[in-house]
$ cat my_file.pdb   # PDB, C-alpha atoms
ATOM      1  CA  MET A   1      29.956   0.240 -28.389
ATOM      2  CA  ARG A   2      28.490   3.571 -27.524
ATOM      3  CA  GLY A   3      26.180   2.316 -24.754
ATOM      4  CA  PHE A   4      23.566   5.043 -25.240
ATOM      5  CA  ASP A   5      22.172   4.095 -28.651
ATOM      6  CA  ASP A   6      20.959   0.494 -28.612
ATOM      7  CA  GLU A   7      19.676   0.500 -32.185
ATOM      8  CA  GLY A   8      22.876   2.153 -33.425
ATOM      9  CA  ASP A   9      24.977  -0.373 -31.491
ATOM     10  CA  TRP A  10      22.935  -3.240 -32.940
ATOM     11  CA  ILE A  11      23.460  -1.994 -36.490
ATOM     12  CA  SER A  12      27.126  -1.338 -35.745
ATOM     13  CA  VAL A  13      27.675  -4.863 -34.411
ATOM     14  CA  THR A  14      25.611  -6.766 -36.940
ATOM     15  CA  ARG A  15      25.819  -4.809 -40.182
ATOM     16  CA  SER A  16      28.798  -2.432 -40.357
ATOM     17  CA  ALA A  17      32.599  -2.663 -40.746
ATOM     18  CA  ASN A  18      32.176  -4.283 -44.162
ATOM     19  CA  GLY A  19      30.854  -7.470 -42.567
ATOM     20  CA  ARG A  20      33.979  -8.044 -40.490
ATOM     21  CA  ARG A  21      32.351  -7.645 -37.054
ATOM     22  CA  LEU A  22      30.090 -10.628 -37.712
ATOM     23  CA  THR A  23      30.941 -13.255 -40.304
ATOM     24  CA  MET A  24      27.850 -15.461 -40.480
ATOM     25  CA  GLU A  25      29.456 -18.166 -42.634
ATOM     26  CA  ASP A  26      32.501 -18.454 -40.314
ATOM     27  CA  PRO A  27      31.804 -16.988 -36.846
ATOM     28  CA  ALA A  28      35.403 -17.639 -35.711
ATOM     29  CA  ARG A  29      36.535 -14.937 -38.188
ATOM     30  CA  SER A  30      34.151 -12.363 -36.685
ATOM     31  CA  LEU A  31      35.877  -9.393 -35.077
ATOM     32  CA  PHE A  32      33.199  -9.532 -32.397
ATOM     33  CA  LEU A  33      34.594 -12.905 -31.215
ATOM     34  CA  LEU A  34      38.241 -12.289 -32.111
ATOM     35  CA  LYS A  35      38.293  -9.211 -29.879
ATOM     36  CA  ALA A  36      36.412 -10.969 -27.070
ATOM     37  CA  VAL A  37      39.088 -13.689 -26.856
ATOM     38  CA  LYS A  38      41.877 -11.127 -27.407
ATOM     39  CA  ALA A  39      42.988 -12.849 -30.642
ATOM     40  CA  VAL A  40      43.456  -9.436 -32.254
ATOM     41  CA  PRO A  41      44.800  -6.272 -30.648
ATOM     42  CA  HIS A  42      42.210  -3.898 -29.225
ATOM     43  CA  LYS A  43      41.662  -1.664 -26.204
ATOM     44  CA  GLY A  44      39.264  -3.971 -24.346
ATOM     45  CA  ASP A  45      39.938  -6.850 -21.992
ATOM     46  CA  LYS A  46      39.727 -10.542 -22.789
ATOM     47  CA  ARG A  47      36.100 -11.550 -22.049
ATOM     48  CA  PHE A  48      36.263 -15.360 -22.297
ATOM     49  CA  GLU A  49      38.172 -18.331 -23.748
ATOM     50  CA  VAL A  50      37.673 -19.789 -27.230
ATOM     51  CA  ASN A  51      36.206 -23.067 -25.943
ATOM     52  CA  SER A  52      34.018 -21.479 -23.268
ATOM     53  CA  PRO A  53      30.213 -21.733 -23.149
ATOM     54  CA  GLU A  54      30.064 -17.961 -23.731
ATOM     55  CA  TYR A  55      32.113 -18.239 -26.932
ATOM     56  CA  LYS A  56      29.962 -21.119 -28.182
ATOM     57  CA  ALA A  57      26.719 -19.253 -27.417
ATOM     58  CA  ILE A  58      27.855 -16.172 -29.340
ATOM     59  CA  ALA A  59      29.346 -18.200 -32.225
ATOM     60  CA  ASP A  60      26.064 -20.126 -32.545
ATOM     61  CA  TRP A  61      24.164 -16.836 -32.464
ATOM     62  CA  ILE A  62      26.310 -15.398 -35.265
ATOM     63  CA  ALA A  63      26.002 -18.595 -37.343
ATOM     64  CA  ALA A  64      22.211 -18.403 -36.985
ATOM     65  CA  GLY A  65      22.144 -14.904 -38.452
ATOM     66  CA  ALA A  66      22.674 -12.776 -35.322
ATOM     67  CA  ASP A  67      19.022 -12.818 -34.282
ATOM     68  CA  VAL A  68      19.170 -11.798 -30.630
ATOM     69  CA  ASP A  69      16.343 -14.243 -29.806
ATOM     70  CA  VAL A  70      17.408 -17.219 -31.955
ATOM     71  CA  GLU A  71      16.497 -20.535 -30.272
ATOM     72  CA  ASP A  72      18.595 -23.666 -29.808
ATOM     73  CA  LYS A  73      17.072 -27.166 -30.045
ATOM     74  CA  VAL A  74      15.376 -26.866 -26.620
ATOM     75  CA  GLY A  75      14.112 -23.376 -27.359
ATOM     76  CA  ASN A  76      16.639 -21.471 -25.259
ATOM     77  CA  SER A  77      17.660 -18.029 -26.484
ATOM     78  CA  PRO A  78      21.233 -16.739 -26.088
ATOM     79  CA  LEU A  79      19.944 -14.761 -23.078
ATOM     80  CA  GLN A  80      18.716 -17.970 -21.452
ATOM     81  CA  ARG A  81      22.004 -19.741 -22.179
ATOM     82  CA  ALA A  82      23.971 -16.856 -20.651
ATOM     83  CA  ALA A  83      21.681 -16.949 -17.592
ATOM     84  CA  GLY A  84      22.218 -20.706 -17.267
ATOM     85  CA  ASN A  85      25.978 -20.073 -17.378
ATOM     86  CA  LEU A  86      25.509 -17.441 -14.626
ATOM     87  CA  ASP A  87      27.180 -14.797 -16.791
ATOM     88  CA  ALA A  88      25.691 -11.465 -15.700
ATOM     89  CA  THR A  89      27.813  -9.455 -18.136
ATOM     90  CA  THR A  90      26.607 -11.389 -21.181
ATOM     91  CA  VAL A  91      23.019 -11.370 -19.839
ATOM     92  CA  ALA A  92      23.174  -7.579 -19.531
ATOM     93  CA  GLU A  93      24.603  -7.252 -23.047
ATOM     94  CA  PHE A  94      21.888  -9.404 -24.632
ATOM     95  CA  LEU A  95      19.259  -7.372 -22.768
ATOM     96  CA  ARG A  96      20.852  -4.149 -23.983
ATOM     97  CA  LEU A  97      20.684  -5.474 -27.547
ATOM     98  CA  GLY A  98      16.959  -6.099 -27.187
ATOM     99  CA  ALA A  99      16.675  -9.755 -26.156
ATOM    100  CA  ALA A 100      13.178 -10.777 -25.058
ATOM    101  CA  VAL A 101      13.514 -10.936 -21.264
ATOM    102  CA  ASN A 102      10.446 -13.192 -20.848
ATOM    103  CA  HIS A 103      11.189 -15.535 -23.766
ATOM    104  CA  LEU A 104       9.887 -19.032 -23.002
ATOM    105  CA  ASN A 105      11.798 -22.133 -24.059
ATOM    106  CA  LYS A 106      10.031 -25.395 -24.993
ATOM    107  CA  ALA A 107       9.694 -26.261 -21.291
ATOM    108  CA  GLY A 108       7.924 -22.943 -20.654
ATOM    109  CA  GLN A 109      10.894 -21.510 -18.763
ATOM    110  CA  THR A 110      12.284 -17.975 -18.692
ATOM    111  CA  ALA A 111      15.926 -16.985 -18.216
ATOM    112  CA  LEU A 112      15.267 -16.926 -14.449
ATOM    113  CA  HIS A 113      14.400 -20.623 -14.561
ATOM    114  CA  CYS A 114      17.654 -21.248 -16.461
ATOM    115  CA  ILE A 115      19.694 -19.923 -13.522
ATOM    116  CA  THR A 116      18.646 -22.997 -11.543
ATOM    117  CA  GLU A 117      20.212 -25.277 -14.195
ATOM    118  CA  SER A 118      23.727 -24.385 -13.078
ATOM    119  CA  PRO A 119      25.428 -26.722 -10.591
ATOM    120  CA  SER A 120      26.984 -23.613  -9.022
ATOM    121  CA  VAL A 121      25.125 -20.827  -7.270
ATOM    122  CA  GLU A 122      27.964 -18.308  -7.505
ATOM    123  CA  ASN A 123      26.801 -15.262  -9.514
ATOM    124  CA  GLY A 124      23.231 -16.598  -9.654
ATOM    125  CA  ALA A 125      21.881 -13.792  -7.489
ATOM    126  CA  GLU A 126      23.613 -11.168  -9.640
ATOM    127  CA  VAL A 127      22.126 -12.668 -12.836
ATOM    128  CA  ALA A 128      18.685 -12.805 -11.172
ATOM    129  CA  ARG A 129      18.947  -9.132 -10.163
ATOM    130  CA  VAL A 130      19.848  -8.120 -13.737
ATOM    131  CA  LEU A 131      16.938 -10.123 -15.173
ATOM    132  CA  LEU A 132      14.416  -8.902 -12.597
ATOM    133  CA  ALA A 133      15.497  -5.282 -13.109
ATOM    134  CA  ALA A 134      14.849  -5.762 -16.845
ATOM    135  CA  GLY A 135      11.322  -7.024 -16.151
ATOM    136  CA  CYS A 136      11.755 -10.807 -16.175
ATOM    137  CA  ARG A 137       8.705 -12.286 -14.477
ATOM    138  CA  ALA A 138       9.392 -14.538 -11.481
ATOM    139  CA  ASP A 139       5.758 -15.704 -11.383
ATOM    140  CA  VAL A 140       5.847 -17.590 -14.723
ATOM    141  CA  ALA A 141       5.145 -21.301 -14.218
ATOM    142  CA  ASP A 142       6.900 -23.753 -16.537
ATOM    143  CA  ALA A 143       5.385 -26.852 -18.189
ATOM    144  CA  GLU A 144       5.588 -28.680 -14.826
ATOM    145  CA  GLY A 145       3.751 -25.824 -13.102
ATOM    146  CA  LEU A 146       6.864 -24.583 -11.275
ATOM    147  CA  THR A 147       7.832 -20.952 -10.887
ATOM    148  CA  VAL A 148      11.540 -20.171 -10.644
ATOM    149  CA  VAL A 149      11.344 -20.381  -6.837
ATOM    150  CA  GLY A 150       9.543 -23.717  -6.991
ATOM    151  CA  LEU A 151      12.062 -25.081  -9.486
ATOM    152  CA  ALA A 152      15.011 -23.845  -7.435
ATOM    153  CA  LEU A 153      13.590 -25.404  -4.268
ATOM    154  CA  LYS A 154      12.920 -28.674  -6.118
ATOM    155  CA  ARG A 155      16.548 -28.789  -7.238
ATOM    156  CA  LEU A 156      17.959 -27.578  -3.925
ATOM    157  CA  THR A 157      15.846 -29.780  -1.630
ATOM    158  CA  PRO A 158      17.601 -33.121  -2.412
ATOM    159  CA  GLU A 159      21.007 -31.592  -1.643
ATOM    160  CA  LEU A 160      19.776 -30.129   1.628
ATOM    161  CA  GLU A 161      18.034 -33.405   2.558
ATOM    162  CA  VAL A 162      21.319 -35.302   2.032
ATOM    163  CA  LEU A 163      22.996 -32.913   4.470
ATOM    164  CA  GLN A 164      20.125 -33.441   6.897
ATOM    165  CA  ALA A 165      20.290 -37.248   6.535
ATOM    166  CA  HIS A 166      23.979 -37.193   7.408
ATOM    167  CA  GLY A 167      23.289 -35.133  10.518
ATOM    168  CA  GLU A 168      24.960 -32.061   9.053
ATOM    169  CA  MET A 169      21.787 -29.977   9.009
ATOM    170  CA  PRO A 170      18.984 -30.282  11.568
ATOM    171  CA  PRO A 171      15.379 -30.216  10.197
ATOM    172  CA  ALA A 172      14.723 -26.697  11.533
ATOM    173  CA  GLU A 173      17.892 -25.452   9.811
ATOM    174  CA  LEU A 174      16.771 -27.159   6.566
ATOM    175  CA  ASP A 175      13.425 -25.345   6.684
ATOM    176  CA  SER A 176      15.180 -22.069   7.491
ATOM    177  CA  ALA A 177      17.643 -22.517   4.592
ATOM    178  CA  MET A 178      14.786 -23.185   2.155
ATOM    179  CA  VAL A 179      12.870 -20.123   3.339
ATOM    180  CA  ARG A 180      15.971 -17.908   3.028
ATOM    181  CA  PHE A 181      16.673 -19.289  -0.434
ATOM    182  CA  ALA A 182      13.097 -18.716  -1.598
ATOM    183  CA  ALA A 183      13.091 -15.184  -0.155
ATOM    184  CA  GLY A 184      16.302 -14.379  -2.035
ATOM    185  CA  MET A 185      14.793 -15.524  -5.352
ATOM    186  CA  GLY A 186      11.370 -13.900  -4.936
TER
END

$ encode --input "my_file.pdb" --output "structure tokens"
Amino acid sequence: MRGFDDEGDWISVTRSANGRRLTMEDPARSLFLLKAVKAVPHKGDKRFEVNSPEYKAIADWIAAGADVDVEDKVGNSPLQRAAGNLDATTVAEFLRLGAAVNHLNKAGQTALHCITESPSVENGAEVARVLLAAGCRADVADAEGLTVVGLALKRLTPELEVLQAHGEMPPAELDSAMVRFAAGMG
């Protein structure tokens, strides 16, 4: 893609090449996916595996008509799914294509909230930086009244308390870890 003409890129991806880039009735035949998994020769690198969450998210998006903000059954957009998978590259691409950065799922959560869904924290900060730079609001409270920081602390606290209970983290260190975590998210 050209990288300087978002609307032109969008049309190029979704509507040109005689329908070969995106094949709505059979996403697996779409050049967009075939190139991403390196199933056909091209200049780019392999982006992900056929059975990966990234592949499934994009295949579902194509099958749904290539609407950049199409929702799954819980109301997550492809951007939110990519954020939950901690995939900064795919997050950046969906944002470039015009995804709604503050889209709310059925639980009232943004893509920032979705970062906390991952059992891993690796790449989470990078995804958060990309979303925040694009204007994702960290102050949005979900249906439970939790902002992304509150949700992250809620999910992180039990793990830290287990460490504390086993004598592996003194109470002062637990408080310090929670403060550092919250500061990194806010």

$ resolve_selection --input "my_file.pdb" --expression "the PyMOL selection byres ((chain A and resi 123) around 8)" --output "MDAnalysis selection string"
chainID A and resid 86:88 121:122 124:127

$ closest_residue --input "my_file.pdb" --among "A:Leu151, A:Cys114, A:Val91, A:Val74" --to "Glu54 (chain A)" --atoms "all atoms listed in the file"
A:Val91

$ residues_around --input "my_file.pdb" --residues "region 140-148 of chain A" --least-positions-apart "3" --cutoff "8 Å" --atoms "all atoms listed in the file" --output "ChimeraX atom specification"
/A:107-110,112-113,116,137,151-152,185

$ atom_distance --input "my_file.pdb" --atom1 "CA of Asp72 (chain A)" --atom2 "CA of Glu117 (chain A)"
15.8 Å

$ closest_residue --input "my_file.pdb" --among "A:Ala111, A:Val68, A:Leu31, A:Ala57" --to "Ala83 (chain A)" --atoms "only C-alpha atoms"
A:Ala111

$ atom_distance --input "my_file.pdb" --atom1 "CA of Cys136 (chain A)" --atom2 "CA of Asn102 (chain A)"
5.4 Å

$ residues_around --input "my_file.pdb" --residues "Phe32 (chain A)" --least-positions-apart "3" --cutoff "8 Å" --atoms "only C-alpha atoms" --output "ChimeraX atom specification"
/A:13,21-22,35-36

$ atom_distance --input "my_file.pdb" --atom1 "CA of Tyr55 (chain A)" --atom2 "CA of Glu93 (chain A)"
13.9 Å

$ resolve_selection --input "my_file.pdb" --expression "the PyMOL selection byres ((chain A and resi 25) around 10)" --output "number ranges by chain"
A: 22-24, 26-30, 62-65

$ write_last_selection --input "my_file.pdb" --atoms "C-alpha atoms" --output "PDB file, keeping the file's coordinate frame"
ATOM      1  CA  LEU A  22      30.090 -10.628 -37.712  1.00  0.00           C
ATOM      2  CA  THR A  23      30.941 -13.255 -40.304  1.00  0.00           C
ATOM      3  CA  MET A  24      27.850 -15.461 -40.480  1.00  0.00           C
ATOM      4  CA  ASP A  26      32.501 -18.454 -40.314  1.00  0.00           C
ATOM      5  CA  PRO A  27      31.804 -16.988 -36.846  1.00  0.00           C
ATOM      6  CA  ALA A  28      35.403 -17.639 -35.711  1.00  0.00           C
ATOM      7  CA  ARG A  29      36.535 -14.937 -38.188  1.00  0.00           C
ATOM      8  CA  SER A  30      34.151 -12.363 -36.685  1.00  0.00           C
ATOM      9  CA  ILE A  62      26.310 -15.398 -35.265  1.00  0.00           C
ATOM     10  CA  ALA A  63      26.002 -18.595 -37.343  1.00  0.00           C
ATOM     11  CA  ALA A  64      22.211 -18.403 -36.985  1.00  0.00           C
ATOM     12  CA  GLY A  65      22.144 -14.904 -38.452  1.00  0.00           C
TER      13      GLY A  65
END

$ closest_residue --input "my_file.pdb" --among "A:Ala66, A:Val50, A:Leu153, A:Ile115" --to "Phe94 (chain A)" --atoms "only C-alpha atoms"
A:Ala66

$ closest_residue --input "my_file.pdb" --among "A:Val37, A:Val149, A:Ile58, A:Ala134" --to "Ala82 (chain A)" --atoms "only C-alpha atoms"
A:Ile58

$ closest_residue --input "my_file.pdb" --among "A:Ser120, A:Gly135, A:Asn85, A:Leu79" --to "Leu97 (chain A)" --atoms "all atoms listed in the file"
A:Leu79

$ axis_aligned_box --input "my_file.pdb" --around "region 67-73 of chain A" --padding-each-side "8 Å" --output "lines of an AutoDock Vina configuration file"
center_x = 17.8
center_y = -19.5
center_z = -32.0
size_x = 18.8
size_y = 31.4
size_z = 20.5

$ closest_residue --input "my_file.pdb" --among "A:Val70, A:Ala128, A:Ala59, A:Leu34" --to "Ala100 (chain A)" --atoms "only C-alpha atoms"
A:Val70
